[in-house]
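Asks: Below you'll find input.txt; it's compact mmCIF, C-alpha atoms.
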```
# COMPACT_ATOMS: atom_id res chain seq x y z
CA MET A 1 -15.17 -39.79 -10.42
CA GLN A 2 -12.52 -37.36 -11.50
CA ILE A 3 -13.20 -35.16 -8.49
CA MET A 4 -13.10 -38.12 -6.09
CA ARG A 5 -9.69 -39.12 -7.35
CA VAL A 6 -8.38 -35.59 -6.98
CA SER A 7 -9.52 -35.31 -3.40
CA MET A 8 -7.86 -38.63 -2.49
CA THR A 9 -4.63 -37.33 -3.96
CA THR A 10 -5.08 -34.16 -1.95
CA VAL A 11 -5.48 -36.06 1.30
CA ARG A 12 -2.24 -37.90 0.67
CA ALA A 13 -0.60 -34.66 -0.29
CA PHE A 14 -1.61 -33.06 2.99
CA LYS A 15 0.10 -35.79 5.01
CA ILE A 16 3.37 -35.81 3.11
CA ARG A 17 3.43 -32.06 2.84
CA ARG A 18 3.28 -31.55 6.58
CA ALA A 19 6.75 -32.93 7.06
CA LEU A 20 8.16 -30.99 4.12
CA VAL A 21 6.65 -27.65 5.05
CA GLY A 22 7.56 -28.10 8.69
CA ALA A 23 11.21 -28.09 7.71
CA ALA A 24 10.75 -25.16 5.35
CA VAL A 25 9.02 -23.09 8.02
CA LEU A 26 11.80 -23.74 10.49
CA ALA A 27 14.32 -22.58 7.95
CA LEU A 28 12.43 -19.40 7.15
CA THR A 29 11.01 -18.15 10.44
CA ALA A 30 14.23 -16.28 11.15
CA ALA A 31 13.67 -14.05 8.12
CA PRO A 32 12.20 -10.63 8.90
CA ALA A 33 8.46 -10.35 8.38
CA MET A 34 7.79 -8.56 5.15
CA ALA A 35 4.66 -7.63 3.34
CA HIS A 36 3.77 -5.06 0.75
CA HIS A 37 6.54 -6.24 -1.49
CA SER A 38 7.23 -5.30 -5.04
CA PHE A 39 6.15 -7.78 -7.65
CA ALA A 40 9.55 -7.43 -9.27
CA MET A 41 10.68 -10.81 -7.98
CA PHE A 42 8.33 -12.30 -10.53
CA ASP A 43 9.52 -12.68 -14.10
CA PRO A 44 7.25 -11.00 -16.68
CA ASP A 45 9.31 -12.43 -19.58
CA HIS A 46 8.39 -16.04 -18.81
CA PRO A 47 4.64 -16.28 -18.18
CA THR A 48 3.47 -19.82 -17.63
CA SER A 49 0.49 -21.75 -16.33
CA MET A 50 -0.47 -24.81 -14.35
CA THR A 51 -3.49 -26.69 -13.07
CA GLY A 52 -4.10 -27.82 -9.55
CA THR A 53 -6.42 -28.03 -6.60
CA VAL A 54 -7.17 -25.04 -4.40
CA LYS A 55 -6.09 -25.37 -0.79
CA GLU A 56 -7.13 -21.92 0.33
CA LEU A 57 -7.94 -18.40 -0.85
CA GLN A 58 -6.40 -15.98 1.64
CA TRP A 59 -8.51 -12.85 1.20
CA THR A 60 -6.22 -10.34 2.88
CA ASN A 61 -4.31 -7.11 2.42
CA PRO A 62 -2.07 -6.05 0.94
CA HIS A 63 -1.85 -9.16 -1.27
CA VAL A 64 -4.48 -11.83 -1.71
CA GLY A 65 -2.96 -15.33 -1.77
CA LEU A 66 -4.23 -18.36 -3.63
CA LEU A 67 -2.65 -21.57 -2.32
CA VAL A 68 -2.81 -24.41 -4.82
CA TYR A 69 -1.63 -28.02 -4.91
CA LYS A 70 -0.12 -28.44 -8.33
CA ASP A 71 -1.28 -31.46 -10.31
CA VAL A 72 1.57 -33.96 -10.18
CA LYS A 73 2.01 -37.43 -11.63
CA ALA A 74 1.36 -40.44 -9.44
CA GLY A 75 4.32 -41.05 -7.19
CA GLU A 76 5.68 -37.52 -7.44
CA ALA A 77 6.08 -35.38 -4.34
CA PRO A 78 3.20 -32.99 -3.74
CA GLU A 79 3.79 -29.34 -4.50
CA LEU A 80 1.96 -26.55 -2.69
CA TRP A 81 2.26 -23.29 -4.60
CA THR A 82 1.53 -19.76 -3.37
CA PHE A 83 0.19 -17.29 -5.90
CA GLU A 84 0.01 -13.66 -4.93
CA THR A 85 -1.92 -10.84 -6.47
CA THR A 86 -3.26 -7.44 -5.53
CA GLY A 87 -5.50 -6.69 -2.54
CA PRO A 88 -9.21 -7.30 -1.97
CA GLY A 89 -10.24 -3.82 -3.20
CA ASN A 90 -8.60 -4.14 -6.58
CA LEU A 91 -9.65 -7.79 -6.96
CA THR A 92 -13.26 -6.91 -6.19
CA ARG A 93 -13.13 -4.42 -9.05
CA ALA A 94 -11.83 -7.26 -11.25
CA GLY A 95 -14.82 -9.44 -10.39
CA TRP A 96 -13.48 -11.52 -7.53
CA THR A 97 -15.10 -12.19 -4.18
CA LYS A 98 -13.71 -13.90 -1.10
CA ARG A 99 -15.77 -16.92 -2.22
CA SER A 100 -14.41 -17.12 -5.78
CA PHE A 101 -12.35 -20.19 -4.90
CA GLN A 102 -13.21 -22.87 -2.36
CA PRO A 103 -10.85 -25.52 -1.00
CA GLY A 104 -10.88 -28.48 -3.35
CA ASP A 105 -11.80 -26.45 -6.46
CA LYS A 106 -9.89 -27.38 -9.57
CA VAL A 107 -8.12 -24.36 -11.01
CA LYS A 108 -5.98 -23.30 -13.94
CA ILE A 109 -3.55 -20.52 -13.05
CA ASP A 110 -1.68 -18.23 -15.42
CA PHE A 111 1.26 -16.76 -13.59
CA LEU A 112 4.68 -15.14 -13.65
CA PRO A 113 7.19 -17.41 -11.93
CA LEU A 114 9.56 -16.33 -9.19
CA ARG A 115 12.80 -15.19 -10.80
CA ALA A 116 14.73 -16.96 -8.07
CA GLY A 117 12.75 -20.19 -8.52
CA GLY A 118 10.48 -21.77 -5.94
CA HIS A 119 6.83 -22.66 -5.65
CA GLY A 120 5.39 -19.21 -6.01
CA GLY A 121 4.23 -16.80 -8.62
CA GLU A 122 2.34 -13.63 -9.43
CA LEU A 123 -1.16 -14.51 -10.51
CA GLN A 124 -2.12 -13.19 -13.92
CA GLY A 125 -5.44 -14.97 -14.23
CA ALA A 126 -7.30 -17.89 -12.72
CA VAL A 127 -10.03 -20.08 -14.14
CA SER A 128 -12.08 -22.23 -11.82
CA LEU A 129 -12.45 -25.54 -13.61
CA THR A 130 -15.10 -26.34 -10.99
CA THR A 131 -17.40 -23.38 -11.69
CA GLY A 132 -16.09 -22.40 -15.11
CA LYS A 133 -15.59 -18.78 -14.07
CA ALA A 134 -12.50 -16.84 -15.12
CA TYR A 135 -10.89 -14.13 -13.03
CA GLY A 136 -8.42 -11.43 -14.07
CA LYS A 137 -5.56 -10.05 -12.02
CA GLY A 138 -6.89 -6.62 -11.13
CA ASN A 139 -5.05 -3.30 -11.18
CA MET B 140 4.00 18.35 61.54
CA LYS B 141 1.60 21.19 61.23
CA PHE B 142 1.49 23.90 58.55
CA SER B 143 0.05 27.34 58.95
CA HIS B 144 -2.59 28.40 56.47
CA GLY B 145 -0.05 30.69 54.90
CA VAL B 146 2.43 27.89 54.31
CA LEU B 147 -0.30 25.64 52.90
CA LEU B 148 -1.49 28.35 50.57
CA GLY B 149 2.08 28.95 49.51
CA LEU B 150 2.60 25.26 48.76
CA PHE B 151 -0.69 25.14 46.89
CA ALA B 152 0.27 28.18 44.81
CA SER B 153 3.68 26.67 44.07
CA ALA B 154 2.04 23.45 42.97
CA LEU B 155 -0.31 25.36 40.65
CA VAL B 156 2.59 27.23 39.09
CA ALA B 157 4.53 24.00 38.72
CA MET B 158 1.59 22.39 36.93
CA ALA B 159 0.81 25.38 34.75
CA ALA B 160 4.36 26.39 33.87
CA PRO B 161 5.16 23.64 31.34
CA ALA B 162 1.87 24.22 29.56
CA LEU B 163 2.40 27.98 29.43
CA ALA B 164 5.90 27.53 28.10
CA ALA B 165 4.69 25.23 25.29
CA ASP B 166 1.68 27.34 24.29
CA ASP B 167 1.73 29.97 21.61
CA PRO B 168 0.72 33.16 23.47
CA THR B 169 -1.75 33.92 20.67
CA PRO B 170 -2.93 30.56 19.32
CA VAL B 171 -4.62 30.66 15.93
CA ILE B 172 -8.10 29.21 16.15
CA ASN B 173 -9.58 27.33 13.19
CA PRO B 174 -12.95 29.04 12.81
CA PRO B 175 -16.08 26.90 12.58
CA PRO B 176 -17.33 26.70 8.99
CA THR B 177 -20.18 29.00 8.14
CA ALA B 178 -23.26 28.24 6.05
CA LYS B 179 -21.58 30.12 3.20
CA ASP B 180 -18.44 27.98 3.55
CA TRP B 181 -20.57 24.87 3.12
CA ALA B 182 -22.52 26.44 0.23
CA ASP B 183 -19.23 27.29 -1.51
CA MET B 184 -18.30 23.61 -1.44
CA ALA B 185 -21.06 23.01 -3.97
CA LYS B 186 -19.22 25.21 -6.49
CA LEU B 187 -16.17 22.94 -6.52
CA PRO B 188 -15.77 20.29 -9.21
CA ASP B 189 -17.20 16.91 -8.34
CA TRP B 190 -14.37 14.56 -7.40
CA ASN B 191 -16.55 12.05 -5.56
CA GLY B 192 -16.28 8.40 -6.37
CA VAL B 193 -13.36 6.00 -6.35
CA TRP B 194 -10.24 6.90 -8.32
CA VAL B 195 -8.30 3.98 -9.75
CA PRO B 196 -4.70 4.77 -10.74
CA ASP B 197 -3.74 4.10 -14.36
CA ALA B 198 -1.03 1.58 -13.56
CA LEU B 199 -0.17 0.85 -17.20
CA ASP B 200 0.58 4.51 -17.77
CA GLN B 201 2.79 4.54 -14.66
CA ASN B 202 4.88 1.83 -16.32
CA ARG B 203 5.03 3.73 -19.61
CA GLN B 204 6.18 6.87 -17.83
CA ARG B 205 8.92 5.03 -15.98
CA VAL B 206 10.50 4.46 -19.38
CA SER B 207 9.49 7.57 -21.31
CA ASN B 208 9.99 10.21 -18.62
CA PRO B 209 12.44 9.04 -15.96
CA PRO B 210 13.49 11.40 -13.16
CA PRO B 211 16.61 13.51 -13.80
CA TRP B 212 18.60 11.56 -11.21
CA ASN B 213 21.97 12.86 -10.11
CA ASP B 214 24.88 10.48 -10.78
CA LYS B 215 24.76 8.80 -7.40
CA ALA B 216 21.00 8.17 -7.54
CA ALA B 217 21.19 7.06 -11.16
CA ALA B 218 23.79 4.45 -10.22
CA LYS B 219 21.59 3.13 -7.43
CA VAL B 220 18.52 2.96 -9.64
CA LYS B 221 20.50 1.11 -12.32
CA PHE B 222 21.81 -1.33 -9.70
CA GLN B 223 18.25 -1.93 -8.46
CA GLY B 224 17.16 -2.62 -12.03
CA ASP B 225 19.97 -5.14 -12.52
CA GLU B 226 19.21 -6.80 -9.20
CA GLN B 227 15.55 -7.01 -10.13
CA LYS B 228 16.40 -8.79 -13.37
CA ALA B 229 18.49 -11.21 -11.34
CA GLY B 230 15.52 -12.01 -9.09
CA ARG B 231 16.60 -9.90 -6.14
CA PRO B 232 14.29 -6.86 -6.11
CA ASP B 233 14.95 -4.11 -3.57
CA ASN B 234 11.63 -4.38 -1.72
CA PHE B 235 11.94 -1.09 0.11
CA PHE B 236 8.26 -0.84 0.97
CA SER B 237 8.07 -4.28 2.52
CA ASN B 238 8.51 -2.91 6.04
CA CYS B 239 4.98 -1.50 5.72
CA LEU B 240 5.95 2.05 6.59
CA PRO B 241 3.85 4.46 4.50
CA GLU B 242 4.89 4.96 0.90
CA GLY B 243 4.54 8.66 1.65
CA MET B 244 5.04 11.51 -0.78
CA PRO B 245 5.57 11.49 -3.65
CA ALA B 246 5.70 7.69 -4.01
CA TRP B 247 2.00 7.24 -3.23
CA MET B 248 1.06 9.49 -6.15
CA LEU B 249 3.69 8.01 -8.48
CA ILE B 250 3.53 4.25 -8.18
CA THR B 251 0.56 2.93 -6.22
CA HIS B 252 -1.92 0.56 -7.84
CA ASN B 253 -4.43 1.10 -5.06
CA SER B 254 -7.42 3.39 -5.35
CA MET B 255 -8.21 6.53 -3.43
CA GLN B 256 -10.96 9.00 -2.79
CA PHE B 257 -11.26 12.69 -1.97
CA ALA B 258 -13.21 14.31 0.83
CA PHE B 259 -13.79 18.04 0.47
CA THR B 260 -14.56 19.97 3.63
CA PRO B 261 -14.36 23.71 4.33
CA GLY B 262 -10.68 24.41 4.86
CA ILE B 263 -9.29 20.88 4.34
CA ILE B 264 -9.28 18.43 1.46
CA TYR B 265 -8.53 14.86 2.45
CA MET B 266 -7.07 12.19 0.20
CA LEU B 267 -7.83 8.73 1.50
CA GLY B 268 -5.96 5.77 0.07
CA GLU B 269 -7.30 2.27 -0.04
CA SER B 270 -4.29 0.38 1.15
CA ASP B 271 -1.67 0.49 3.84
CA GLY B 272 -3.94 1.90 6.53
CA SER B 273 -2.14 5.18 6.92
CA ARG B 274 -2.44 6.48 3.38
CA LEU B 275 -3.94 9.82 4.21
CA ARG B 276 -3.15 13.32 3.02
CA ARG B 277 -4.55 16.50 4.49
CA ILE B 278 -4.43 19.51 2.16
CA TYR B 279 -5.21 22.78 3.93
CA THR B 280 -7.24 25.11 1.74
CA ASP B 281 -8.01 27.74 4.39
CA GLY B 282 -5.28 30.09 3.25
CA ARG B 283 -2.72 29.21 5.91
CA PRO B 284 0.98 29.24 5.06
CA HIS B 285 3.36 26.34 5.66
CA PRO B 286 4.77 26.33 9.19
CA ASP B 287 8.26 27.81 9.49
CA ASP B 288 9.68 24.65 11.05
CA PRO B 289 7.30 21.77 10.35
CA ASP B 290 7.65 18.39 12.00
CA LEU B 291 8.66 16.14 9.16
CA THR B 292 6.11 13.49 8.12
CA PHE B 293 5.76 10.83 5.44
CA HIS B 294 3.18 12.92 3.56
CA GLY B 295 4.56 16.34 4.40
CA HIS B 296 2.65 19.56 5.01
CA SER B 297 0.33 20.44 2.16
CA ILE B 298 -1.49 23.69 1.40
CA GLY B 299 -3.79 24.03 -1.55
CA HIS B 300 -5.84 26.53 -3.48
CA TRP B 301 -8.12 26.44 -6.50
CA GLU B 302 -7.19 27.99 -9.83
CA GLY B 303 -10.45 27.55 -11.65
CA ASP B 304 -11.16 23.83 -11.56
CA THR B 305 -7.52 22.94 -10.83
CA LEU B 306 -6.42 22.19 -7.30
CA VAL B 307 -2.86 23.43 -6.80
CA VAL B 308 -1.12 21.73 -3.89
CA ASP B 309 2.21 22.77 -2.40
CA THR B 310 3.97 20.26 -0.17
CA ILE B 311 7.06 20.56 2.03
CA GLY B 312 8.14 18.93 5.27
CA VAL B 313 8.49 15.37 3.95
CA LYS B 314 10.76 13.03 5.85
CA PRO B 315 14.11 12.57 4.07
CA GLN B 316 13.55 8.81 4.26
CA ALA B 317 10.40 9.01 2.08
CA TRP B 318 11.14 7.31 -1.22
CA LEU B 319 11.20 9.06 -4.54
CA ALA B 320 10.17 5.86 -6.27
CA ILE B 321 9.47 4.94 -9.87
CA SER B 322 8.37 1.43 -8.90
CA GLU B 323 8.09 -0.63 -5.73
CA SER B 324 11.71 -1.67 -6.19
CA GLN B 325 13.41 1.25 -7.93
CA GLY B 326 14.02 4.66 -6.42
CA VAL B 327 15.95 6.47 -3.71
CA PRO B 328 15.09 8.26 -0.47
CA ASN B 329 14.53 11.95 -1.25
CA ASN B 330 17.18 12.85 1.36
CA GLY B 331 15.43 16.02 2.47
CA ASP B 332 14.55 19.56 1.37
CA MET B 333 12.01 18.24 -1.13
CA HIS B 334 9.33 20.51 -2.51
CA ILE B 335 6.38 19.21 -4.53
CA VAL B 336 3.83 21.23 -6.45
CA GLU B 337 0.83 19.38 -7.86
CA ARG B 338 -1.80 20.55 -10.30
CA ILE B 339 -4.78 18.23 -10.07
CA HIS B 340 -7.68 18.54 -12.46
CA LEU B 341 -10.18 16.61 -14.56
CA VAL B 342 -9.04 15.97 -18.13
CA ALA B 343 -12.26 14.09 -18.95
CA PRO B 344 -15.48 13.59 -16.99
CA ASP B 345 -14.06 10.51 -15.23
CA ARG B 346 -10.29 10.96 -15.64
CA LEU B 347 -8.16 12.96 -13.25
CA ALA B 348 -4.61 14.15 -13.90
CA ASP B 349 -2.08 15.00 -11.20
CA THR B 350 0.89 16.84 -12.68
CA LEU B 351 3.69 16.87 -10.14
CA THR B 352 6.73 19.12 -10.17
CA ILE B 353 9.19 17.51 -7.78
CA THR B 354 12.23 19.41 -6.59
CA ALA B 355 14.57 17.15 -4.64
CA PRO B 356 17.98 18.84 -4.68
CA HIS B 357 19.90 15.96 -3.08
CA VAL B 358 18.88 13.31 -5.62
CA LEU B 359 17.68 15.16 -8.75
CA THR B 360 19.68 17.53 -10.96
CA LYS B 361 16.61 19.63 -11.78
CA PRO B 362 12.87 19.62 -11.00
CA TRP B 363 11.06 16.58 -12.42
CA VAL B 364 7.68 17.19 -14.02
CA THR B 365 5.52 14.10 -14.41
CA THR B 366 1.81 13.31 -14.63
CA ARG B 367 -0.19 10.48 -13.15
CA TYR B 368 -3.76 9.59 -14.11
CA TYR B 369 -6.71 8.20 -12.19
CA ASP B 370 -9.96 6.82 -13.59
CA ARG B 371 -13.24 7.14 -11.72
CA THR B 372 -15.74 4.49 -10.88
CA ARG B 373 -19.01 5.18 -9.11
CA ARG B 374 -20.07 1.56 -8.67
CA ARG B 375 -21.08 0.95 -5.10
CA ASP B 376 -19.57 -2.53 -5.12
CA PHE B 377 -16.25 -0.90 -6.04
CA ASP B 378 -16.20 1.38 -3.00
CA ILE B 379 -12.93 1.73 -1.11
CA VAL B 380 -12.26 -1.08 1.35
CA GLU B 381 -10.06 -1.21 4.41
CA GLY B 382 -6.48 -2.23 3.77
CA GLU B 383 -3.82 -2.84 6.39
CA CYS B 384 -0.34 -3.41 5.08
CA LEU B 385 0.77 -5.71 7.88
CA GLU B 386 -2.31 -7.93 7.75
CA GLU B 387 -0.70 -10.41 5.37
CA SER B 388 1.98 -11.06 7.97
CA PHE B 389 -0.68 -12.57 10.24
CA LYS B 390 -3.38 -15.19 10.00
CA PRO B 391 -6.73 -15.33 11.80
CA ASP B 392 -6.40 -17.77 14.66
CA VAL B 393 -8.00 -18.74 17.98
CA ASP B 394 -6.00 -18.55 21.18
CA LYS B 395 -6.09 -21.03 24.06
CA ASP B 396 -8.93 -19.12 25.71
CA GLY B 397 -11.07 -19.20 22.61
CA TYR B 398 -10.50 -15.61 21.54
CA ALA B 399 -10.18 -14.69 17.88
CA VAL B 400 -6.65 -13.36 17.43
CA PHE B 401 -4.03 -12.80 14.75
CA THR B 402 -0.86 -14.86 14.89
CA PRO B 403 2.24 -14.19 12.79
CA VAL B 404 2.85 -16.25 9.68
CA PRO B 405 6.30 -16.77 8.24
CA LEU B 406 7.01 -15.05 4.96
CA THR B 407 9.83 -15.88 2.61
CA TYR B 408 12.84 -13.63 2.19
CA ASP B 409 11.11 -11.88 -0.67
CA GLY B 410 7.95 -11.28 1.28
CA ILE B 411 5.55 -13.87 -0.02
CA ARG B 412 3.82 -16.35 2.20
CA VAL B 413 5.32 -19.62 3.16
CA PRO B 414 2.58 -22.16 2.53
CA THR B 415 0.88 -22.52 5.89
CA LYS B 416 -0.45 -25.53 7.74
```
Could you write out this file's structure as structure tokens?

Replies:
Amino acid sequence: MQIMRVSMTTVRAFKIRRALVGAAVLALTAAPAMAHHSFAMFDPDHPTSMTGTVKELQWTNPHVGLLVYKDVKAGEAPELWTFETTGPGNLTRAGWTKRSFQPGDKVKIDFLPLRAGGHGGELQGAVSLTTGKAYGKGN
Amino acid sequence: MKFSHGVLLGLFASALVAMAAPALAADDPTPVINPPPTAKDWADMAKLPDWNGVWVPDALDQNRQRVSNPPPWNDKAAAKVKFQGDEQKAGRPDNFFSNCLPEGMPAWMLITHNSMQFAFTPGIIYMLGESDGSRLRRIYTDGRPHPDDPDLTFHGHSIGHWEGDTLVVDTIGVKPQAWLAISESQGVPNNGDMHIVERIHLVAPDRLADTLTITAPHVLTKPWVTTRYYDRTRRRDFDIVEGECLEESFKPDVDKDGYAVFTPVPLTYDGIRVPTK
């Protein structure tokens, strides 16, 4: 039952989010493409955590991305968060695979927030509440 | 119009000269040939220390060294590094590697968290990095000197020799734009004339030390001696994987004709992904 309710919330979240993200993308597409960034924009002095529902695990170099809908209270706007971590090689050595998280999995994320604010963070650890497996952050 | 045989031959000869002349001008009159390795050359490889496996940089120690043994920056570089540190604390890191150009030397050795492996061959040792596609060093061990006027590259020109079980590597010819970095957001371009000597050796059966002496006269007040460590794994499931720096800037997609292609994805100002549709 719990899982059913979550997925209904997720469906609603998808619809509302489309309009929100559309505007955000328009605002940001002018920025130069950047990858291979430092992790210094994340704040190591204020580690925090949250729970949510996995949208997607982007298994790519140089930084794997875990996209998660944060759990929000009924009536609150949906929040899609992007968590970045090291690349597939290092994550493999920390026990991950490209199948560690599936869309719809419940997840608890420990992360360092963006210093500048925003829905992003550096992943420090992730526990799949669906499978019970815990994953570290790699080298 | 009709040409005599003589005129045709003359034209033909002129054409030959015209074609050959640029090549002759560019060629060294006595090119040095890299000799094919002999059976003894291959047998001698077996006497070298075993550096096979995957080497994982000790990232925690990199962080410790940033504090305990900082480079002897000159005043101008020190001011820039301090500014970068302040900016970082304010949430505005100087992401100077985010353009995906190679980290190059010596930054690759100093700050990467990505693994690497060695390939020993007669005359050349290769260092192959896991990430960023072009992380590759060639260290010539065939006794050649540095070129007098090397083309500058991100990784420079490296010659090496063995002193017992220590590989000594001498590197010049690094592009002035290559960063002398102490993190992915703190450091300065070396600004040219850099010289790096490395002494690489096992300090334990599965721990490798690379002690670098970095002379960078335009940004350091004296040579900087610092050591970086790598730990070995031999697990097959931990083998090096392909890593392309720019891949994150694209997503797998299908074009209108049904072909699998990559299309750009927007990234935020600080380089992380905008949540995608």

Asks: Name the residues in contact with Leu267 in chain B at a cut-off of 7 Å, using only C-alpha atoms, excluding same-chain residues fewer than 6 positions from it; report them as JSON, numbers by chain.

Replies: {"B": [255, 256, 257, 274, 275, 276]}

Asks: Take the point (1.3, -20.1, -6.1) as written in the file and pick out every residue within 6 Å of it, counting all atoms listed in the file; give the list as an MDAnalysis selection string.

Replies: chainID A and resid 67 81:83 120:121

Asks: Enumerate as number ranges by chain the residues belonging to chain B that approach chain A to within 7 Å, with only C-alpha atoms taken into account.

Replies: B: 198, 227, 229-232, 234, 236-239, 252-253, 270, 323-324, 377, 379-380, 382-388, 405-408, 410, 412, 414

Asks: Report the distance between CA of Val127 in chain A and CA of Gly268 in chain B in Å, rounded to one decimal place.

Replies: 29.8 Å

Asks: What box, with edges along x, y and z, holds each listed atom of range 232-241 of chain B when 3 Å is added on every side, and can you state its centre and edge lengths in Å to one decimal, as AutoDock Vina command-line options?

Replies:
```
--center_x 9.4 --center_y -1.2 --center_z 0.2 --size_x 17.1 --size_y 17.3 --size_z 18.7
```

Asks: Which distance in Å separates CA of Ala216 in chain B and CA of Val336 in chain B, to one decimal?

Replies: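 Those two atoms sit 21.6 Å apart.
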
Asks: Pick out the closest residue to Ile250 in chain B from this set: B:Trp212, B:Trp318, B:Tyr398, B:Trp194. Count all atoms listed in the file.

Replies: B:Trp318

Asks: If we count all atoms listed in the file and set the cut-off at 12 Å, which residues sit around Asp189 in chain B, ignoring sequence neighbours fewer than 6 positions away in its own chain? Please answer as a list of chain:residue names.

Replies: B:Gln256, B:Phe257, B:Ala258, B:Phe259, B:Asp304, B:Thr305, B:His340, B:Leu341, B:Pro344, B:Asp345, B:Arg346, B:Leu347, B:Arg371, B:Arg373

Asks: Could you tell me which of B:Pro284, B:Ile321, B:Pro196, B:Val313 comes closest to Ala217 in chain B if we count only C-alpha atoms?

Replies: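 Checking each candidate against Ala217 in chain B, we get B:Ile321 as the closest.
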
Asks: Considering all atoms listed in the file, state which residue in the set B:Pro261, B:Pro174, B:Pro241, B:Pro362 is at the smallest distance from Phe293 in chain B.

Replies: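 Under the stated criterion, the closest residue is B:Pro241.
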
Asks: Residues at most 6 Å from Tyr69 in chain A, counting all atoms listed in the file, excluding those fewer than 4 positions away in the same chain, as an MDAnalysis selection string?

Replies: chainID A and resid 52:53 79:80

Asks: Please return range 125-139 of chain A, rebuilt to N, CA and C atoms, as a PDB file, in the frame of the given file.

Replies:
```pdb
ATOM      1  N   GLY A 125      -4.048 -14.614 -13.963  1.00  0.00           N
ATOM      2  CA  GLY A 125      -5.440 -14.970 -14.230  1.00  0.00           C
ATOM      3  C   GLY A 125      -5.698 -16.341 -13.661  1.00  0.00           C
ATOM      4  N   ALA A 126      -6.948 -16.590 -13.299  1.00  0.00           N
ATOM      5  CA  ALA A 126      -7.300 -17.890 -12.720  1.00  0.00           C
ATOM      6  C   ALA A 126      -8.654 -18.303 -13.252  1.00  0.00           C
ATOM      7  N   VAL A 127      -8.746 -19.537 -13.695  1.00  0.00           N
ATOM      8  CA  VAL A 127     -10.030 -20.080 -14.140  1.00  0.00           C
ATOM      9  C   VAL A 127     -10.402 -21.211 -13.205  1.00  0.00           C
ATOM     10  N   SER A 128     -11.586 -21.120 -12.625  1.00  0.00           N
ATOM     11  CA  SER A 128     -12.080 -22.230 -11.820  1.00  0.00           C
ATOM     12  C   SER A 128     -12.614 -23.293 -12.756  1.00  0.00           C
ATOM     13  N   LEU A 129     -11.973 -24.446 -12.767  1.00  0.00           N
ATOM     14  CA  LEU A 129     -12.450 -25.540 -13.610  1.00  0.00           C
ATOM     15  C   LEU A 129     -13.663 -26.199 -12.948  1.00  0.00           C
ATOM     16  N   THR A 130     -13.937 -25.830 -11.715  1.00  0.00           N
ATOM     17  CA  THR A 130     -15.100 -26.340 -10.990  1.00  0.00           C
ATOM     18  C   THR A 130     -16.349 -25.550 -11.349  1.00  0.00           C
ATOM     19  N   THR A 131     -16.220 -24.212 -11.388  1.00  0.00           N
ATOM     20  CA  THR A 131     -17.400 -23.380 -11.690  1.00  0.00           C
ATOM     21  C   THR A 131     -17.377 -22.858 -13.127  1.00  0.00           C
ATOM     22  N   GLY A 132     -16.213 -22.914 -13.752  1.00  0.00           N
ATOM     23  CA  GLY A 132     -16.090 -22.400 -15.110  1.00  0.00           C
ATOM     24  C   GLY A 132     -15.851 -20.904 -15.190  1.00  0.00           C
ATOM     25  N   LYS A 133     -15.772 -20.237 -14.047  1.00  0.00           N
ATOM     26  CA  LYS A 133     -15.590 -18.780 -14.070  1.00  0.00           C
ATOM     27  C   LYS A 133     -14.109 -18.408 -14.175  1.00  0.00           C
ATOM     28  N   ALA A 134     -13.864 -17.326 -14.937  1.00  0.00           N
ATOM     29  CA  ALA A 134     -12.500 -16.840 -15.120  1.00  0.00           C
ATOM     30  C   ALA A 134     -12.328 -15.514 -14.376  1.00  0.00           C
ATOM     31  N   TYR A 135     -11.165 -15.335 -13.796  1.00  0.00           N
ATOM     32  CA  TYR A 135     -10.890 -14.130 -13.030  1.00  0.00           C
ATOM     33  C   TYR A 135      -9.588 -13.497 -13.501  1.00  0.00           C
ATOM     34  N   GLY A 136      -9.617 -12.164 -13.678  1.00  0.00           N
ATOM     35  CA  GLY A 136      -8.420 -11.430 -14.070  1.00  0.00           C
ATOM     36  C   GLY A 136      -7.590 -11.047 -12.862  1.00  0.00           C
ATOM     37  N   LYS A 137      -6.503 -10.306 -13.119  1.00  0.00           N
ATOM     38  CA  LYS A 137      -5.560 -10.050 -12.020  1.00  0.00           C
ATOM     39  C   LYS A 137      -5.775  -8.703 -11.324  1.00  0.00           C
ATOM     40  N   GLY A 138      -6.673  -7.887 -11.825  1.00  0.00           N
ATOM     41  CA  GLY A 138      -6.890  -6.620 -11.130  1.00  0.00           C
ATOM     42  C   GLY A 138      -5.825  -5.589 -11.451  1.00  0.00           C
ATOM     43  N   ASN A 139      -5.950  -4.407 -10.861  1.00  0.00           N
ATOM     44  CA  ASN A 139      -5.050  -3.300 -11.180  1.00  0.00           C
ATOM     45  C   ASN A 139      -3.673  -3.503 -10.578  1.00  0.00           C
TER      46      ASN A 139
END
```
